[in-house]
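Q: Here's a structure for you.
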Amino acid sequence: SKSKVIFSGIQPTGIPHLGNYLGALRQWVKLQETESDDTRLLYSLVDLHAITVKQDPRQLRQWRHESLATLLAIGLDPARSIIFHQSDVPAHSELMWILSCTASVGHLSRMTQWKSKLALPENAKPLDSPLQLGLFSYPVLQAADILVHQATHVPVGEDQSQHLEFTRSCATGFNHLYGDVLTEPETILSPAKRVMSLSKPADKKMSKSDTNYKSRILITDSREEIQRKVKTAVTDSIDGITFDPINRPGIANLVTIMQYLLEDELITPEELVKDIPTKSALKDRVTDVIDAHIEPIRERFNKLMSPDDRDYLIDVAEEGAEMAITSAEETMKKVRDAIGF
Ligand code: ADP
Ligand code: NA
């Protein structure tokens, strides 16, 4: 049997928020602790994905640096995990082109994220819209990210399930034409499926791209920032506290965040809110729980961002790139050979 390979990625488009952390990043660290030494772990800062929307070069450079610091701050260990910038490994782009030649336009156009982007400029017909090709085809790049390392398992949040399904279809499509070269990966869904926006808890997930910065809590936020954002989190006008995701999505989101952080499967959300009388008491409690969890991350992040650690971060990125190139080339040799290059 093939050896186990775990791959996942995050866009370096700002400091990760609690949704990223609970939906994906915390799982990455856990896998590092629980997987045997034979399992290869690869975690990528997917900067080629970041430019599907307009980026300022100086800002992007800063974000790449900060994002690497956050991955180390949450506890990823470069001696155990291959941590790298996607654009340092050209094979990701090469395999993307190759997969594009067998990928289905129909399948891509059914992607929820694409359809929500299409709806953005109101009344714009698809052909008149200013949307870029990269925004449409980025699931193919995501498939290449995963397949180029022969990943067997991909830990992601629920919002990525559809893209993983597409990734498997890319592998099948390629293998059908060229022989059994690429591995179909399994999705590892984290128990924290979906963290919602603090400002639109009923219908928007917490996201880096939300223009309202109070809609998300960053894993490096100070206690004061956490407090301020939780205080302005949208709830409802019903008295008291009950856990009712349908009718009280704002309260339910705060309780769920708290439950995910506490990680006590024996305590139900209903039990968690039993002794909390008011919204302000709930918000105080949520602030305490979040702060207690992210305080060590924040401290390590601040240290890693100091000028003293600059060279260390550059070394980590260089070593990560070298190992990721080796991993990708193992696959690309087989891919090129199968195609006839
Ligand atoms: P964002 O959507 O904030 O730009 P990314 O697209 O870079 O974040 O996603 C990085 C990882 O974080 C993915 O595995 C994704 O599933 C997960 N993720 C993002 N937002 C959430 C959320 N609100 N709840 C749970 N997981 C999330
Ligand atoms: Na996203």
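All residue names refer to the structure tokens as shown: chains lettered A, B, ... in order, residues numbered from 1 in each chain, ligands numbered from 1 in order.
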Report as a PDB file with C-alpha atoms, in the first residue's frame all protein, DNA and RNA residues lying within 7 Å of segment 65-81 of chain A, evaluated on only C-alpha atoms, omitting residues in the same chain fewer than 2 positions from it.

A:
ATOM      1  CA  PRO A  12      -1.554  34.113   2.900  1.00  0.00           C
ATOM      2  CA  GLY A  14      -3.972  38.085   6.335  1.00  0.00           C
ATOM      3  CA  ILE A  15      -3.654  36.610   9.799  1.00  0.00           C
ATOM      4  CA  VAL A  29      -1.031  20.562  14.521  1.00  0.00           C
ATOM      5  CA  LEU A  41       3.031  16.149   6.281  1.00  0.00           C
ATOM      6  CA  LEU A  42       2.949  19.118   3.889  1.00  0.00           C
ATOM      7  CA  ARG A  61       5.004  40.037   0.730  1.00  0.00           C
ATOM      8  CA  GLN A  62       4.188  41.103   4.296  1.00  0.00           C
ATOM      9  CA  TRP A  63       1.287  38.634   4.486  1.00  0.00           C
ATOM     10  CA  ILE A  83       5.987  24.150   5.420  1.00  0.00           C
ATOM     11  CA  ILE A 297      -0.187  31.715  20.006  1.00  0.00           C
ATOM     12  CA  ARG A 300       4.897  33.155  19.969  1.00  0.00           C
ATOM     13  CA  PHE A 301       3.723  35.141  16.935  1.00  0.00           C
ATOM     14  CA  LEU A 304       8.595  35.349  15.562  1.00  0.00           C
ATOM     15  CA  MET A 305       7.786  38.717  13.980  1.00  0.00           C
ATOM     16  CA  VAL A 316      12.358  27.795   7.296  1.00  0.00           C
TER      17      VAL A 316
END

Q: When the cut-off is 8 Å and you count only C-alpha atoms and all ligand atoms, which residues lie near ligand 2, shown as a ChimeraX atom specification?

A: /A:11,207-209

Q: Compare A:Met111, A:Val46, A:Ala338, A:Ala103 by their minimum atom-to-atom distance to ligand 1, counting only C-alpha atoms and all ligand atoms, and give me the closest one.

A: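 Answer, going by the shortest atom-to-atom distance: A:Val46.
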
Q: Enumerate, as a PDB file with N, CA and C atoms, in the first residue's frame, the complete set of residues in segment 180-327 of chain A that a backbone-based DSSP assignment places in alpha helix (DSSP H).

A:
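Ended up saving to part.pdb:
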ATOM      1  N   ARG A 223      -6.354  40.729  24.001  1.00  0.00           N
ATOM      2  CA  ARG A 223      -7.562  40.531  24.809  1.00  0.00           C
ATOM      3  C   ARG A 223      -8.571  41.653  24.558  1.00  0.00           C
ATOM      4  N   GLU A 224      -8.067  42.891  24.452  1.00  0.00           N
ATOM      5  CA  GLU A 224      -8.953  44.043  24.238  1.00  0.00           C
ATOM      6  C   GLU A 224      -9.671  43.928  22.893  1.00  0.00           C
ATOM      7  N   GLU A 225      -8.938  43.494  21.864  1.00  0.00           N
ATOM      8  CA  GLU A 225      -9.560  43.342  20.539  1.00  0.00           C
ATOM      9  C   GLU A 225     -10.629  42.240  20.554  1.00  0.00           C
ATOM     10  N   ILE A 226     -10.310  41.156  21.229  1.00  0.00           N
ATOM     11  CA  ILE A 226     -11.282  40.054  21.322  1.00  0.00           C
ATOM     12  C   ILE A 226     -12.554  40.563  22.000  1.00  0.00           C
ATOM     13  N   GLN A 227     -12.339  41.272  23.112  1.00  0.00           N
ATOM     14  CA  GLN A 227     -13.464  41.775  23.894  1.00  0.00           C
ATOM     15  C   GLN A 227     -14.353  42.702  23.053  1.00  0.00           C
ATOM     16  N   ARG A 228     -13.693  43.621  22.324  1.00  0.00           N
ATOM     17  CA  ARG A 228     -14.424  44.585  21.521  1.00  0.00           C
ATOM     18  C   ARG A 228     -15.253  43.875  20.430  1.00  0.00           C
ATOM     19  N   LYS A 229     -14.646  42.900  19.758  1.00  0.00           N
ATOM     20  CA  LYS A 229     -15.354  42.212  18.676  1.00  0.00           C
ATOM     21  C   LYS A 229     -16.495  41.350  19.211  1.00  0.00           C
ATOM     22  N   VAL A 230     -16.242  40.645  20.321  1.00  0.00           N
ATOM     23  CA  VAL A 230     -17.308  39.802  20.886  1.00  0.00           C
ATOM     24  C   VAL A 230     -18.465  40.682  21.358  1.00  0.00           C
ATOM     25  N   LYS A 231     -18.119  41.834  21.952  1.00  0.00           N
ATOM     26  CA  LYS A 231     -19.151  42.749  22.447  1.00  0.00           C
ATOM     27  C   LYS A 231     -20.082  43.213  21.319  1.00  0.00           C
ATOM     28  N   PRO A 249     -29.096  32.285  15.714  1.00  0.00           N
ATOM     29  CA  PRO A 249     -27.792  31.936  15.121  1.00  0.00           C
ATOM     30  C   PRO A 249     -26.602  32.673  15.747  1.00  0.00           C
ATOM     31  N   GLY A 250     -26.812  33.918  16.184  1.00  0.00           N
ATOM     32  CA  GLY A 250     -25.711  34.685  16.773  1.00  0.00           C
ATOM     33  C   GLY A 250     -25.241  34.077  18.082  1.00  0.00           C
ATOM     34  N   ILE A 251     -26.202  33.775  18.965  1.00  0.00           N
ATOM     35  CA  ILE A 251     -25.879  33.131  20.246  1.00  0.00           C
ATOM     36  C   ILE A 251     -25.252  31.755  19.980  1.00  0.00           C
ATOM     37  N   ALA A 252     -25.878  31.001  19.071  1.00  0.00           N
ATOM     38  CA  ALA A 252     -25.398  29.645  18.794  1.00  0.00           C
ATOM     39  C   ALA A 252     -23.952  29.667  18.288  1.00  0.00           C
ATOM     40  N   ASN A 253     -23.624  30.664  17.456  1.00  0.00           N
ATOM     41  CA  ASN A 253     -22.251  30.744  16.938  1.00  0.00           C
ATOM     42  C   ASN A 253     -21.250  30.977  18.067  1.00  0.00           C
ATOM     43  N   LEU A 254     -21.583  31.894  18.989  1.00  0.00           N
ATOM     44  CA  LEU A 254     -20.680  32.168  20.120  1.00  0.00           C
ATOM     45  C   LEU A 254     -20.512  30.925  21.001  1.00  0.00           C
ATOM     46  N   VAL A 255     -21.627  30.239  21.249  1.00  0.00           N
ATOM     47  CA  VAL A 255     -21.559  29.036  22.089  1.00  0.00           C
ATOM     48  C   VAL A 255     -20.749  27.950  21.381  1.00  0.00           C
ATOM     49  N   THR A 256     -20.951  27.833  20.087  1.00  0.00           N
ATOM     50  CA  THR A 256     -20.236  26.808  19.318  1.00  0.00           C
ATOM     51  C   THR A 256     -18.734  27.086  19.299  1.00  0.00           C
ATOM     52  N   ILE A 257     -18.363  28.349  19.119  1.00  0.00           N
ATOM     53  CA  ILE A 257     -16.942  28.710  19.149  1.00  0.00           C
ATOM     54  C   ILE A 257     -16.337  28.288  20.493  1.00  0.00           C
ATOM     55  N   MET A 258     -17.087  28.592  21.565  1.00  0.00           N
ATOM     56  CA  MET A 258     -16.615  28.249  22.908  1.00  0.00           C
ATOM     57  C   MET A 258     -16.473  26.733  23.046  1.00  0.00           C
ATOM     58  N   GLN A 259     -17.463  26.011  22.542  1.00  0.00           N
ATOM     59  CA  GLN A 259     -17.430  24.552  22.662  1.00  0.00           C
ATOM     60  C   GLN A 259     -16.267  23.952  21.861  1.00  0.00           C
ATOM     61  N   TYR A 260     -16.051  24.444  20.660  1.00  0.00           N
ATOM     62  CA  TYR A 260     -14.932  23.962  19.844  1.00  0.00           C
ATOM     63  C   TYR A 260     -13.601  24.200  20.555  1.00  0.00           C
ATOM     64  N   LEU A 261     -13.479  25.381  21.185  1.00  0.00           N
ATOM     65  CA  LEU A 261     -12.214  25.701  21.851  1.00  0.00           C
ATOM     66  C   LEU A 261     -12.003  24.824  23.080  1.00  0.00           C
ATOM     67  N   LEU A 262     -13.086  24.569  23.828  1.00  0.00           N
ATOM     68  CA  LEU A 262     -12.962  23.790  25.062  1.00  0.00           C
ATOM     69  C   LEU A 262     -12.732  22.317  24.767  1.00  0.00           C
ATOM     70  N   PRO A 269     -23.760  21.781  24.071  1.00  0.00           N
ATOM     71  CA  PRO A 269     -23.950  23.234  24.060  1.00  0.00           C
ATOM     72  C   PRO A 269     -25.047  23.677  25.032  1.00  0.00           C
ATOM     73  N   GLU A 270     -26.082  22.837  25.171  1.00  0.00           N
ATOM     74  CA  GLU A 270     -27.177  23.170  26.091  1.00  0.00           C
ATOM     75  C   GLU A 270     -26.661  23.264  27.524  1.00  0.00           C
ATOM     76  N   GLU A 271     -25.795  22.305  27.891  1.00  0.00           N
ATOM     77  CA  GLU A 271     -25.230  22.326  29.243  1.00  0.00           C
ATOM     78  C   GLU A 271     -24.299  23.515  29.440  1.00  0.00           C
ATOM     79  N   LEU A 272     -23.610  23.848  28.371  1.00  0.00           N
ATOM     80  CA  LEU A 272     -22.646  24.946  28.430  1.00  0.00           C
ATOM     81  C   LEU A 272     -23.332  26.276  28.756  1.00  0.00           C
ATOM     82  N   VAL A 273     -24.546  26.472  28.266  1.00  0.00           N
ATOM     83  CA  VAL A 273     -25.230  27.753  28.482  1.00  0.00           C
ATOM     84  C   VAL A 273     -26.169  27.734  29.697  1.00  0.00           C
ATOM     85  N   LYS A 279     -26.854  37.824  27.968  1.00  0.00           N
ATOM     86  CA  LYS A 279     -25.958  37.951  26.822  1.00  0.00           C
ATOM     87  C   LYS A 279     -24.610  38.529  27.231  1.00  0.00           C
ATOM     88  N   SER A 280     -24.646  39.501  28.146  1.00  0.00           N
ATOM     89  CA  SER A 280     -23.348  40.085  28.514  1.00  0.00           C
ATOM     90  C   SER A 280     -22.507  39.078  29.300  1.00  0.00           C
ATOM     91  N   ALA A 281     -23.152  38.235  30.108  1.00  0.00           N
ATOM     92  CA  ALA A 281     -22.405  37.177  30.822  1.00  0.00           C
ATOM     93  C   ALA A 281     -21.836  36.170  29.814  1.00  0.00           C
ATOM     94  N   LEU A 282     -22.644  35.847  28.807  1.00  0.00           N
ATOM     95  CA  LEU A 282     -22.153  34.918  27.774  1.00  0.00           C
ATOM     96  C   LEU A 282     -20.941  35.520  27.053  1.00  0.00           C
ATOM     97  N   LYS A 283     -21.050  36.794  26.703  1.00  0.00           N
ATOM     98  CA  LYS A 283     -19.960  37.433  25.970  1.00  0.00           C
ATOM     99  C   LYS A 283     -18.682  37.530  26.800  1.00  0.00           C
ATOM    100  N   ASP A 284     -18.839  37.770  28.114  1.00  0.00           N
ATOM    101  CA  ASP A 284     -17.651  37.780  28.992  1.00  0.00           C
ATOM    102  C   ASP A 284     -16.987  36.406  28.996  1.00  0.00           C
ATOM    103  N   ARG A 285     -17.816  35.378  29.124  1.00  0.00           N
ATOM    104  CA  ARG A 285     -17.326  34.008  29.175  1.00  0.00           C
ATOM    105  C   ARG A 285     -16.613  33.634  27.860  1.00  0.00           C
ATOM    106  N   VAL A 286     -17.238  33.988  26.755  1.00  0.00           N
ATOM    107  CA  VAL A 286     -16.654  33.672  25.440  1.00  0.00           C
ATOM    108  C   VAL A 286     -15.314  34.393  25.273  1.00  0.00           C
ATOM    109  N   THR A 287     -15.275  35.656  25.682  1.00  0.00           N
ATOM    110  CA  THR A 287     -14.018  36.421  25.610  1.00  0.00           C
ATOM    111  C   THR A 287     -12.914  35.717  26.397  1.00  0.00           C
ATOM    112  N   ASP A 288     -13.241  35.276  27.631  1.00  0.00           N
ATOM    113  CA  ASP A 288     -12.236  34.592  28.457  1.00  0.00           C
ATOM    114  C   ASP A 288     -11.729  33.317  27.796  1.00  0.00           C
ATOM    115  N   VAL A 289     -12.651  32.534  27.262  1.00  0.00           N
ATOM    116  CA  VAL A 289     -12.255  31.245  26.669  1.00  0.00           C
ATOM    117  C   VAL A 289     -11.365  31.483  25.439  1.00  0.00           C
ATOM    118  N   ILE A 290     -11.763  32.436  24.590  1.00  0.00           N
ATOM    119  CA  ILE A 290     -10.958  32.705  23.390  1.00  0.00           C
ATOM    120  C   ILE A 290      -9.579  33.216  23.792  1.00  0.00           C
ATOM    121  N   ASP A 291      -9.551  34.180  24.709  1.00  0.00           N
ATOM    122  CA  ASP A 291      -8.273  34.769  25.100  1.00  0.00           C
ATOM    123  C   ASP A 291      -7.332  33.722  25.694  1.00  0.00           C
ATOM    124  N   ALA A 292      -7.870  32.859  26.561  1.00  0.00           N
ATOM    125  CA  ALA A 292      -7.032  31.828  27.186  1.00  0.00           C
ATOM    126  C   ALA A 292      -6.405  30.934  26.122  1.00  0.00           C
ATOM    127  N   HIS A 293      -7.170  30.666  25.046  1.00  0.00           N
ATOM    128  CA  HIS A 293      -6.631  29.771  24.013  1.00  0.00           C
ATOM    129  C   HIS A 293      -5.631  30.439  23.102  1.00  0.00           C
ATOM    130  N   ILE A 294      -5.852  31.693  22.780  1.00  0.00           N
ATOM    131  CA  ILE A 294      -4.936  32.266  21.795  1.00  0.00           C
ATOM    132  C   ILE A 294      -3.767  33.043  22.405  1.00  0.00           C
ATOM    133  N   GLU A 295      -3.781  33.220  23.702  1.00  0.00           N
ATOM    134  CA  GLU A 295      -2.679  33.956  24.322  1.00  0.00           C
ATOM    135  C   GLU A 295      -1.296  33.377  23.982  1.00  0.00           C
ATOM    136  N   PRO A 296      -1.085  32.054  24.146  1.00  0.00           N
ATOM    137  CA  PRO A 296       0.251  31.526  23.797  1.00  0.00           C
ATOM    138  C   PRO A 296       0.593  31.667  22.308  1.00  0.00           C
ATOM    139  N   ILE A 297      -0.416  31.559  21.452  1.00  0.00           N
ATOM    140  CA  ILE A 297      -0.187  31.715  20.006  1.00  0.00           C
ATOM    141  C   ILE A 297       0.266  33.146  19.719  1.00  0.00           C
ATOM    142  N   ARG A 298      -0.463  34.093  20.318  1.00  0.00           N
ATOM    143  CA  ARG A 298      -0.156  35.521  20.140  1.00  0.00           C
ATOM    144  C   ARG A 298       1.273  35.824  20.597  1.00  0.00           C
ATOM    145  N   GLU A 299       1.670  35.250  21.746  1.00  0.00           N
ATOM    146  CA  GLU A 299       3.012  35.533  22.260  1.00  0.00           C
ATOM    147  C   GLU A 299       4.098  34.973  21.350  1.00  0.00           C
ATOM    148  N   ARG A 300       3.894  33.738  20.878  1.00  0.00           N
ATOM    149  CA  ARG A 300       4.897  33.155  19.969  1.00  0.00           C
ATOM    150  C   ARG A 300       4.943  33.938  18.652  1.00  0.00           C
ATOM    151  N   PHE A 301       3.782  34.365  18.183  1.00  0.00           N
ATOM    152  CA  PHE A 301       3.723  35.141  16.935  1.00  0.00           C
ATOM    153  C   PHE A 301       4.519  36.440  17.079  1.00  0.00           C
ATOM    154  N   ASN A 302       4.290  37.167  18.156  1.00  0.00           N
ATOM    155  CA  ASN A 302       4.993  38.440  18.346  1.00  0.00           C
ATOM    156  C   ASN A 302       6.503  38.245  18.390  1.00  0.00           C
ATOM    157  N   LYS A 303       6.934  37.159  19.019  1.00  0.00           N
ATOM    158  CA  LYS A 303       8.366  36.863  19.071  1.00  0.00           C
ATOM    159  C   LYS A 303       8.897  36.555  17.655  1.00  0.00           C
ATOM    160  N   LEU A 304       8.160  35.723  16.915  1.00  0.00           N
ATOM    161  CA  LEU A 304       8.595  35.349  15.562  1.00  0.00           C
ATOM    162  C   LEU A 304       8.622  36.536  14.596  1.00  0.00           C
ATOM    163  N   ARG A 310      13.842  37.194  11.865  1.00  0.00           N
ATOM    164  CA  ARG A 310      13.611  37.341  10.432  1.00  0.00           C
ATOM    165  C   ARG A 310      14.373  36.280   9.610  1.00  0.00           C
ATOM    166  N   ASP A 311      15.658  36.143   9.900  1.00  0.00           N
ATOM    167  CA  ASP A 311      16.471  35.182   9.155  1.00  0.00           C
ATOM    168  C   ASP A 311      16.001  33.744   9.385  1.00  0.00           C
ATOM    169  N   TYR A 312      15.554  33.475  10.616  1.00  0.00           N
ATOM    170  CA  TYR A 312      15.046  32.136  10.921  1.00  0.00           C
ATOM    171  C   TYR A 312      13.853  31.802  10.022  1.00  0.00           C
ATOM    172  N   LEU A 313      12.942  32.760   9.871  1.00  0.00           N
ATOM    173  CA  LEU A 313      11.764  32.521   9.026  1.00  0.00           C
ATOM    174  C   LEU A 313      12.168  32.301   7.563  1.00  0.00           C
ATOM    175  N   ILE A 314      13.149  33.068   7.111  1.00  0.00           N
ATOM    176  CA  ILE A 314      13.621  32.909   5.729  1.00  0.00           C
ATOM    177  C   ILE A 314      14.212  31.504   5.533  1.00  0.00           C
ATOM    178  N   ASP A 315      14.977  31.038   6.518  1.00  0.00           N
ATOM    179  CA  ASP A 315      15.556  29.683   6.460  1.00  0.00           C
ATOM    180  C   ASP A 315      14.466  28.620   6.419  1.00  0.00           C
ATOM    181  N   VAL A 316      13.454  28.773   7.263  1.00  0.00           N
ATOM    182  CA  VAL A 316      12.358  27.795   7.296  1.00  0.00           C
ATOM    183  C   VAL A 316      11.703  27.704   5.921  1.00  0.00           C
ATOM    184  N   ALA A 317      11.452  28.870   5.304  1.00  0.00           N
ATOM    185  CA  ALA A 317      10.791  28.883   3.987  1.00  0.00           C
ATOM    186  C   ALA A 317      11.679  28.228   2.926  1.00  0.00           C
ATOM    187  N   GLU A 318      12.979  28.487   2.988  1.00  0.00           N
ATOM    188  CA  GLU A 318      13.887  27.907   1.995  1.00  0.00           C
ATOM    189  C   GLU A 318      13.982  26.395   2.127  1.00  0.00           C
ATOM    190  N   GLU A 319      14.093  25.933   3.359  1.00  0.00           N
ATOM    191  CA  GLU A 319      14.193  24.484   3.574  1.00  0.00           C
ATOM    192  C   GLU A 319      12.885  23.795   3.202  1.00  0.00           C
ATOM    193  N   GLY A 320      11.774  24.436   3.530  1.00  0.00           N
ATOM    194  CA  GLY A 320      10.461  23.883   3.187  1.00  0.00           C
ATOM    195  C   GLY A 320      10.315  23.756   1.680  1.00  0.00           C
ATOM    196  N   ALA A 321      10.728  24.806   0.959  1.00  0.00           N
ATOM    197  CA  ALA A 321      10.614  24.804  -0.506  1.00  0.00           C
ATOM    198  C   ALA A 321      11.436  23.661  -1.104  1.00  0.00           C
ATOM    199  N   GLU A 322      12.629  23.486  -0.587  1.00  0.00           N
ATOM    200  CA  GLU A 322      13.512  22.433  -1.115  1.00  0.00           C
ATOM    201  C   GLU A 322      12.869  21.052  -0.958  1.00  0.00           C
ATOM    202  N   MET A 323      12.309  20.782   0.221  1.00  0.00           N
ATOM    203  CA  MET A 323      11.688  19.478   0.459  1.00  0.00           C
ATOM    204  C   MET A 323      10.418  19.302  -0.366  1.00  0.00           C
ATOM    205  N   ALA A 324       9.657  20.394  -0.514  1.00  0.00           N
ATOM    206  CA  ALA A 324       8.410  20.316  -1.292  1.00  0.00           C
ATOM    207  C   ALA A 324       8.716  20.094  -2.776  1.00  0.00           C
ATOM    208  N   ILE A 325       9.801  20.711  -3.265  1.00  0.00           N
ATOM    209  CA  ILE A 325      10.203  20.499  -4.664  1.00  0.00           C
ATOM    210  C   ILE A 325      10.554  19.024  -4.881  1.00  0.00           C
ATOM    211  N   THR A 326      11.290  18.445  -3.957  1.00  0.00           N
ATOM    212  CA  THR A 326      11.652  17.023  -4.057  1.00  0.00           C
ATOM    213  C   THR A 326      10.398  16.156  -4.094  1.00  0.00           C
ATOM    214  N   SER A 327       9.465  16.449  -3.181  1.00  0.00           N
ATOM    215  CA  SER A 327       8.218  15.674  -3.125  1.00  0.00           C
ATOM    216  C   SER A 327       7.440  15.795  -4.440  1.00  0.00           C
TER     217      SER A 327
END

Q: Let me have all residues with an atom within 9 Å of ligand 1, counting only C-alpha atoms and all ligand atoms, laid out as a PDB file with C-alpha atoms, in the first residue's frame.

A:
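Writing done, so here's part13.pdb:
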ATOM      1  CA  SER A   8      -3.342  21.166   3.228  1.00  0.00           C
ATOM      2  CA  GLY A   9      -3.060  24.866   2.448  1.00  0.00           C
ATOM      3  CA  ILE A  10      -4.139  28.316   3.484  1.00  0.00           C
ATOM      4  CA  GLN A  11      -4.079  31.579   1.566  1.00  0.00           C
ATOM      5  CA  PRO A  12      -1.554  34.113   2.900  1.00  0.00           C
ATOM      6  CA  THR A  13      -4.088  36.914   2.737  1.00  0.00           C
ATOM      7  CA  GLY A  14      -3.972  38.085   6.335  1.00  0.00           C
ATOM      8  CA  PRO A  16      -5.793  33.460  10.164  1.00  0.00           C
ATOM      9  CA  HIS A  17      -9.073  33.833  12.069  1.00  0.00           C
ATOM     10  CA  LEU A  18     -10.854  31.467  14.452  1.00  0.00           C
ATOM     11  CA  GLY A  19     -12.657  29.826  11.508  1.00  0.00           C
ATOM     12  CA  ASN A  20      -9.354  28.960   9.839  1.00  0.00           C
ATOM     13  CA  TYR A  21      -7.923  27.818  13.166  1.00  0.00           C
ATOM     14  CA  LEU A  22     -10.817  25.651  14.327  1.00  0.00           C
ATOM     15  CA  GLY A  23     -11.785  24.442  10.842  1.00  0.00           C
ATOM     16  CA  ALA A  24      -8.294  23.579   9.668  1.00  0.00           C
ATOM     17  CA  LEU A  25      -5.113  24.773  11.376  1.00  0.00           C
ATOM     18  CA  LEU A  45       0.889  28.980   2.075  1.00  0.00           C
ATOM     19  CA  VAL A  46      -0.965  29.115  -1.216  1.00  0.00           C
ATOM     20  CA  HIS A  49      -4.411  31.360  -5.002  1.00  0.00           C
ATOM     21  CA  ALA A  50      -4.134  34.729  -3.281  1.00  0.00           C
ATOM     22  CA  VAL A 154      -6.529  16.484   3.131  1.00  0.00           C
ATOM     23  CA  PRO A 155      -7.674  18.175   6.376  1.00  0.00           C
ATOM     24  CA  VAL A 156      -9.966  21.134   5.524  1.00  0.00           C
ATOM     25  CA  GLY A 157     -13.108  22.920   6.650  1.00  0.00           C
ATOM     26  CA  GLU A 158     -16.521  21.920   5.337  1.00  0.00           C
ATOM     27  CA  ASP A 159     -16.508  24.795   2.800  1.00  0.00           C
ATOM     28  CA  GLN A 160     -13.830  22.877   0.876  1.00  0.00           C
ATOM     29  CA  SER A 161     -15.637  19.507   0.531  1.00  0.00           C
ATOM     30  CA  LEU A 189     -13.242  17.106   8.046  1.00  0.00           C
ATOM     31  CA  SER A 190     -12.442  18.776  11.310  1.00  0.00           C
ATOM     32  CA  ALA A 192     -15.370  22.278  13.922  1.00  0.00           C
ATOM     33  CA  LYS A 193     -17.199  22.354  10.637  1.00  0.00           C
ATOM     34  CA  ARG A 194     -18.105  25.975  10.113  1.00  0.00           C
ATOM     35  CA  VAL A 195     -17.511  29.067  12.194  1.00  0.00           C
ATOM     36  CA  MET A 196     -19.867  31.885  11.250  1.00  0.00           C
ATOM     37  CA  SER A 197     -19.223  35.628  10.866  1.00  0.00           C
ATOM     38  CA  LYS A 204     -21.974  34.154   6.243  1.00  0.00           C
ATOM     39  CA  LYS A 205     -18.980  32.098   7.294  1.00  0.00           C
ATOM     40  CA  MET A 206     -16.178  33.862   9.116  1.00  0.00           C
ATOM     41  CA  SER A 207     -13.785  34.866   6.325  1.00  0.00           C
ATOM     42  CA  LYS A 208     -10.561  36.749   5.701  1.00  0.00           C
ATOM     43  CA  SER A 209     -12.137  38.480   2.732  1.00  0.00           C
ATOM     44  CA  ASP A 210     -15.018  40.046   4.708  1.00  0.00           C
ATOM     45  CA  ARG A 216     -13.710  37.814  12.605  1.00  0.00           C
TER      46      ARG A 216
END
